[in-house]
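Accompanying notes for the structure given below.
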Amino acid sequence: MTEQNVTPVPPTIDLLDLGTVRRLGFGAMRIVGPGVWGEPESRGTAVDVVRRAVELGVDFIDTADSYGPTVSEEIIAEALYPYPDGVRVATKAGFVRTGPDVWVPVGRPEYLRQQVELSLRRLKVDSLDLFQLHRIDPTVPANDQFAVMRDLQQEGKVKALGLSQVSVEELKAAGEYFTVSTVQNRYNLTDRSSEDVLEYAEANGIGFIPWAPISAGELALPGGPVAAAAERLNATESQVALAWLLRRSPVIMPIPGTGSIKHLEENLAAADLVLDDATYEELNAASK
């Protein structure tokens, strides 16, 4: 049998202003109701999923005030408070919800400050580990939104700061106000439109959190490269997609979300899936 070349994949990342976390985390958007709205079908199951994630070694959980809204943060606190040593909970604000699958950007400084105070209350902490601007509100000067984030950090309300779905230019502008710890943009095997943001993040030591990380589209269909790799490696298509992200850059931090313990365990097993160099390059060439 021909020996396959394998490039090591670091399991952790050192985040600015926050410290070291495991790169494969848990996204808590799917532990609420359909349309990211209201209570889940079983709150007990949602609590169990969050606890199981930590049992399996997850120490970075990503949520937002708009997931539910409020429900995801409440479930995380119910599941984990008092939080185990080393577990970081990241949250976001900047969207208001008027119904299932409806997201309206609101970035007025007084609103963002209010939402941080409410997240502190729901998560039962004195300081948020990581606070991310969910979207830059185009109706409010971006500098005003960045300034209140800086102020909240200086006041000790938050430890680290991040942004979501932004350009390189916006990252640079925010960096004039505070140290950007993370950026959360859509990125996966079928959507690499944020490649420039990833490259900037890598060059500047910023954690890159890809949302919709396991989307593989046609690549995962029978006969496609993801499906072929999954069969060859005795893995699932989702595991292959996550393993590709972990291999793609040492600053990528996938946060696959689910409301199922079975799917949670499958997703987290991707941390142990080794993509040999040939398989990685094949997936790289097929992605776009």
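As shown in the structure tokens, the chain order sets the letters A, B, ...; within each chain, residues go from 1, and ligands are also counted from 1 in the order they appear.
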All residues 10 Å or closer to A:Pro141, only C-alpha atoms, same chain fewer than 4 positions away omitted, as a list in words: Gly107, Arg108, Pro109, Ile136, Asp137, Gln145 and Phe146 of chain A
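Around A:Asp14, within 10 Å and counting only C-alpha atoms, the residues found are Leu18, Gly19, Thr20, Val21, Arg22, Arg23, Ser181, Gly205, Ile206, Gly207 and Val251 of chain A, once anything fewer than 4 positions away on its own chain is removed.
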For the selection just defined, write its residues with N, CA, C and O atoms to a file, as a compact mmCIF listing (two decimals), in the first residue's frame.
```txt
# COMPACT_ATOMS: atom_id res chain seq x y z
N LEU A 18 -8.43 36.60 24.38
CA LEU A 18 -9.26 35.54 24.94
C LEU A 18 -8.48 34.32 25.39
O LEU A 18 -8.81 33.70 26.39
N GLY A 19 -7.45 33.94 24.64
CA GLY A 19 -6.66 32.78 25.02
C GLY A 19 -6.88 31.58 24.11
O GLY A 19 -7.44 31.71 23.01
N THR A 20 -6.47 30.43 24.57
CA THR A 20 -6.46 29.22 23.74
C THR A 20 -7.79 28.47 23.84
O THR A 20 -8.30 28.24 24.93
N VAL A 21 -8.32 28.11 22.67
CA VAL A 21 -9.52 27.27 22.60
C VAL A 21 -9.31 26.20 21.53
O VAL A 21 -8.48 26.35 20.63
N ARG A 22 -10.10 25.15 21.63
CA ARG A 22 -10.10 24.13 20.57
C ARG A 22 -10.74 24.71 19.32
O ARG A 22 -11.72 25.45 19.40
N ARG A 23 -10.20 24.36 18.18
CA ARG A 23 -10.67 24.98 16.93
C ARG A 23 -12.05 24.48 16.51
O ARG A 23 -12.79 25.22 15.86
N SER A 181 -10.68 40.09 17.55
CA SER A 181 -10.29 38.73 17.94
C SER A 181 -10.75 37.70 16.92
O SER A 181 -10.02 36.76 16.61
N GLY A 205 -3.58 37.09 12.71
CA GLY A 205 -3.83 36.31 13.90
C GLY A 205 -5.25 36.40 14.41
O GLY A 205 -5.51 36.32 15.62
N ILE A 206 -6.21 36.57 13.49
CA ILE A 206 -7.62 36.68 13.84
C ILE A 206 -8.31 35.33 13.61
O ILE A 206 -8.14 34.72 12.56
N GLY A 207 -9.07 34.86 14.58
CA GLY A 207 -9.82 33.63 14.40
C GLY A 207 -10.91 33.81 13.34
O GLY A 207 -11.65 34.80 13.39
N VAL A 251 -6.27 29.23 11.35
CA VAL A 251 -7.11 30.18 12.08
C VAL A 251 -8.59 29.88 11.92
O VAL A 251 -9.43 30.54 12.54
```
Selection near stretch 24-30 of chain A, 9 Å with only C-alpha atoms, sequence-local residues under 4 positions removed, as number ranges by chain: A: 11-12, 34, 36, 40, 46, 50, 53, 57-64, 67-68, 72-73, 76, 211, 242, 246, 252-259, 264, 268, 270-271
Selection export as a short mmCIF file (atom, residue, chain, number, x, y, z; two decimals), in the first residue's frame, atoms kept: N, CA, C and O atoms:
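Saved the output as again17.cif:
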```cif
data_model
loop_
_atom_site.label_atom_id
_atom_site.label_comp_id
_atom_site.auth_asym_id
_atom_site.auth_seq_id
_atom_site.Cartn_x
_atom_site.Cartn_y
_atom_site.Cartn_z
N PRO A 11 -4.83 21.46 16.68
CA PRO A 11 -6.16 21.30 17.26
C PRO A 11 -6.68 22.55 17.97
O PRO A 11 -7.87 22.66 18.24
N THR A 12 -5.79 23.49 18.29
CA THR A 12 -6.20 24.67 19.06
C THR A 12 -5.77 25.95 18.35
O THR A 12 -4.98 25.94 17.41
N PRO A 34 -37.93 26.04 14.97
CA PRO A 34 -37.81 26.21 13.52
C PRO A 34 -37.77 27.69 13.14
O PRO A 34 -38.45 28.52 13.76
N VAL A 36 -35.21 29.46 13.56
CA VAL A 36 -34.41 30.07 14.63
C VAL A 36 -35.31 30.96 15.49
O VAL A 36 -34.98 32.09 15.84
N PRO A 40 -37.27 25.18 21.42
CA PRO A 40 -37.08 23.93 20.67
C PRO A 40 -38.20 22.95 20.99
O PRO A 40 -38.94 23.14 21.96
N ALA A 46 -32.24 19.93 24.15
CA ALA A 46 -31.32 21.01 23.83
C ALA A 46 -30.27 21.19 24.93
O ALA A 46 -29.08 21.36 24.65
N VAL A 50 -26.01 20.62 24.60
CA VAL A 50 -24.97 21.56 25.03
C VAL A 50 -24.03 20.90 26.04
O VAL A 50 -22.80 21.03 25.95
N ALA A 53 -21.73 18.44 24.32
CA ALA A 53 -20.65 19.09 23.57
C ALA A 53 -19.45 19.35 24.48
O ALA A 53 -18.30 19.07 24.12
N GLY A 57 -15.34 17.71 24.90
CA GLY A 57 -14.13 18.55 24.81
C GLY A 57 -14.33 19.91 24.20
O GLY A 57 -13.36 20.68 24.09
N VAL A 58 -15.52 20.26 23.78
CA VAL A 58 -15.76 21.59 23.23
C VAL A 58 -15.55 22.63 24.32
O VAL A 58 -16.09 22.51 25.42
N ASP A 59 -14.77 23.66 24.01
CA ASP A 59 -14.60 24.75 24.97
C ASP A 59 -14.88 26.11 24.36
O ASP A 59 -14.58 27.15 24.95
N PHE A 60 -15.49 26.10 23.15
CA PHE A 60 -15.90 27.35 22.49
C PHE A 60 -17.31 27.15 21.94
O PHE A 60 -17.52 26.33 21.04
N ILE A 61 -18.26 27.89 22.50
CA ILE A 61 -19.66 27.81 22.09
C ILE A 61 -20.07 29.17 21.55
O ILE A 61 -19.84 30.20 22.20
N ASP A 62 -20.68 29.18 20.37
CA ASP A 62 -21.09 30.43 19.74
C ASP A 62 -22.61 30.53 19.70
O ASP A 62 -23.30 29.60 19.26
N THR A 63 -23.13 31.66 20.17
CA THR A 63 -24.57 31.89 20.16
C THR A 63 -24.83 33.34 19.76
O THR A 63 -23.94 34.04 19.28
N ALA A 64 -26.07 33.80 19.95
CA ALA A 64 -26.44 35.19 19.67
C ALA A 64 -27.73 35.51 20.41
O ALA A 64 -28.55 34.63 20.68
N TYR A 67 -30.95 34.37 18.53
CA TYR A 67 -31.33 32.97 18.34
C TYR A 67 -32.46 32.63 19.30
O TYR A 67 -32.24 32.36 20.47
N GLY A 68 -33.64 32.70 18.80
CA GLY A 68 -34.82 32.41 19.62
C GLY A 68 -35.92 33.46 19.47
O GLY A 68 -37.02 33.10 19.15
N SER A 72 -31.55 30.64 22.98
CA SER A 72 -30.28 29.92 22.95
C SER A 72 -29.39 30.28 24.13
O SER A 72 -28.81 29.41 24.78
N GLU A 73 -29.28 31.57 24.42
CA GLU A 73 -28.47 31.99 25.56
C GLU A 73 -29.02 31.40 26.85
O GLU A 73 -28.25 30.95 27.72
N ILE A 76 -28.09 27.70 27.12
CA ILE A 76 -26.67 27.52 27.43
C ILE A 76 -26.42 27.72 28.92
O ILE A 76 -25.71 26.94 29.57
N TRP A 211 -19.44 30.35 9.03
CA TRP A 211 -20.80 29.87 9.26
C TRP A 211 -21.27 29.10 8.03
O TRP A 211 -20.73 29.24 6.95
N LEU A 242 -15.90 19.38 7.32
CA LEU A 242 -15.29 20.01 8.49
C LEU A 242 -13.78 19.77 8.53
O LEU A 242 -13.01 20.68 8.87
N LEU A 246 -10.71 22.55 8.72
CA LEU A 246 -9.64 22.52 9.72
C LEU A 246 -8.26 22.47 9.06
O LEU A 246 -7.29 23.05 9.56
N ILE A 252 -8.95 28.90 11.10
CA ILE A 252 -10.37 28.56 10.91
C ILE A 252 -10.88 27.80 12.13
O ILE A 252 -10.27 26.86 12.61
N MET A 253 -12.07 28.24 12.61
CA MET A 253 -12.72 27.66 13.78
C MET A 253 -14.15 27.26 13.42
O MET A 253 -15.08 28.02 13.62
N PRO A 254 -14.36 26.08 12.88
CA PRO A 254 -15.73 25.67 12.52
C PRO A 254 -16.59 25.50 13.76
O PRO A 254 -16.13 25.01 14.80
N ILE A 255 -17.86 25.90 13.66
CA ILE A 255 -18.79 25.75 14.78
C ILE A 255 -20.08 25.07 14.28
O ILE A 255 -21.15 25.70 14.28
N PRO A 256 -20.00 23.82 13.85
CA PRO A 256 -21.21 23.15 13.36
C PRO A 256 -22.28 23.11 14.43
O PRO A 256 -21.99 22.86 15.61
N GLY A 257 -23.51 23.37 14.04
CA GLY A 257 -24.62 23.39 15.00
C GLY A 257 -25.62 22.29 14.73
O GLY A 257 -25.81 21.86 13.59
N THR A 258 -26.25 21.82 15.78
CA THR A 258 -27.26 20.78 15.66
C THR A 258 -28.07 20.72 16.95
O THR A 258 -27.61 21.16 18.00
N GLY A 259 -29.27 20.19 16.85
CA GLY A 259 -30.08 19.94 18.03
C GLY A 259 -30.12 18.47 18.40
O GLY A 259 -30.90 18.05 19.25
N LEU A 264 -24.27 15.78 16.75
CA LEU A 264 -23.19 16.46 17.46
C LEU A 264 -21.96 15.56 17.54
O LEU A 264 -20.84 15.98 17.23
N LEU A 268 -18.29 16.37 15.79
CA LEU A 268 -17.08 16.57 16.57
C LEU A 268 -16.01 15.52 16.27
O LEU A 268 -14.82 15.77 16.48
N ALA A 270 -15.02 14.87 13.51
CA ALA A 270 -14.24 15.38 12.38
C ALA A 270 -12.87 15.86 12.83
O ALA A 270 -11.93 15.92 12.02
N ALA A 271 -12.74 16.20 14.10
CA ALA A 271 -11.43 16.65 14.60
C ALA A 271 -10.39 15.55 14.50
O ALA A 271 -9.18 15.83 14.43
#
```
Counting only C-alpha atoms, the option among A:Trp244, A:Val183, A:Ser287, A:Glu74 closest to A:Leu275: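 Of A:Trp244, A:Val183, A:Ser287, A:Glu74, the one nearest A:Leu275 is A:Trp244, counting only C-alpha atoms.
Counting only C-alpha atoms, the residue from A:Val6, A:Ala142, A:Leu163, A:Val158 that sits nearest to A:Val116 is A:Val158.
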Those in stretch 113-243 of chain A with strand (DSSP E) from DSSP, as a ChimeraX atom specification: /A:128-133,158-164,180-186,207-211
Option closest in space to A:Ala173, from A:Asn143, A:Ile261, A:Arg150, A:Arg232 [counting only C-alpha atoms]: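 Between A:Asn143, A:Ile261, A:Arg150, A:Arg232, the residue approaching A:Ala173 most closely is A:Asn143.
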A:Ala160: which residues within 10 Å, counting only C-alpha atoms, same-chain residues fewer than 6 positions away excluded, as a short mmCIF file (atom, residue, chain, number, x, y, z; two decimals) with C-alpha atoms, in the first residue's frame?
```cif
data_model
loop_
_atom_site.label_atom_id
_atom_site.label_comp_id
_atom_site.auth_asym_id
_atom_site.auth_seq_id
_atom_site.Cartn_x
_atom_site.Cartn_y
_atom_site.Cartn_z
CA LEU A 15 -7.39 34.05 20.23
CA LEU A 16 -6.41 37.65 20.82
CA ASP A 17 -7.74 38.95 24.17
CA LEU A 18 -9.26 35.54 24.94
CA GLY A 19 -6.66 32.78 25.02
CA ALA A 90 -19.33 33.85 22.47
CA SER A 127 -18.18 39.80 31.45
CA LEU A 128 -18.89 38.25 28.04
CA ASP A 129 -16.02 36.10 26.78
CA LEU A 130 -16.47 37.26 23.18
CA PHE A 131 -18.97 39.80 21.88
CA GLN A 132 -19.46 39.98 18.12
CA MET A 149 -17.89 48.02 21.26
CA ARG A 150 -14.55 49.54 22.29
CA LEU A 152 -17.88 48.05 26.41
CA GLN A 153 -14.53 46.28 26.37
CA PHE A 178 -10.32 47.72 19.05
CA THR A 179 -8.38 44.51 18.63
CA VAL A 180 -10.43 42.20 16.41
CA SER A 181 -10.29 38.73 17.94
CA THR A 182 -12.58 36.89 15.49
#
```
Residue contacts of A:Tyr200 (10 Å, only C-alpha atoms) excluding same-chain residues fewer than 6 positions away, as number ranges by chain: A: 167-168, 171-172, 194, 206, 208
Using N, CA, C and O atoms, can you export the residues from the last selection as a compact mmCIF listing (two decimals), in the first residue's frame?
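The resulting part.txt:
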```
# COMPACT_ATOMS: atom_id res chain seq x y z
N SER A 167 -16.18 42.86 5.26
CA SER A 167 -15.13 42.89 4.26
C SER A 167 -13.78 43.16 4.93
O SER A 167 -13.73 43.52 6.12
N VAL A 168 -12.71 43.02 4.16
CA VAL A 168 -11.39 43.34 4.69
C VAL A 168 -11.33 44.81 5.09
O VAL A 168 -10.77 45.17 6.14
N LEU A 171 -12.97 45.23 8.39
CA LEU A 171 -12.10 44.70 9.45
C LEU A 171 -11.02 45.71 9.82
O LEU A 171 -10.74 45.93 11.00
N LYS A 172 -10.43 46.31 8.80
CA LYS A 172 -9.38 47.30 9.05
C LYS A 172 -9.95 48.51 9.79
O LYS A 172 -9.32 49.04 10.71
N SER A 194 -15.35 34.65 0.72
CA SER A 194 -14.64 35.40 1.76
C SER A 194 -13.17 35.00 1.86
O SER A 194 -12.54 35.17 2.92
N ILE A 206 -6.21 36.57 13.49
CA ILE A 206 -7.62 36.68 13.84
C ILE A 206 -8.31 35.33 13.61
O ILE A 206 -8.14 34.72 12.56
N PHE A 208 -11.00 32.87 12.42
CA PHE A 208 -12.00 32.94 11.35
C PHE A 208 -13.05 31.86 11.58
O PHE A 208 -12.74 30.67 11.51
```
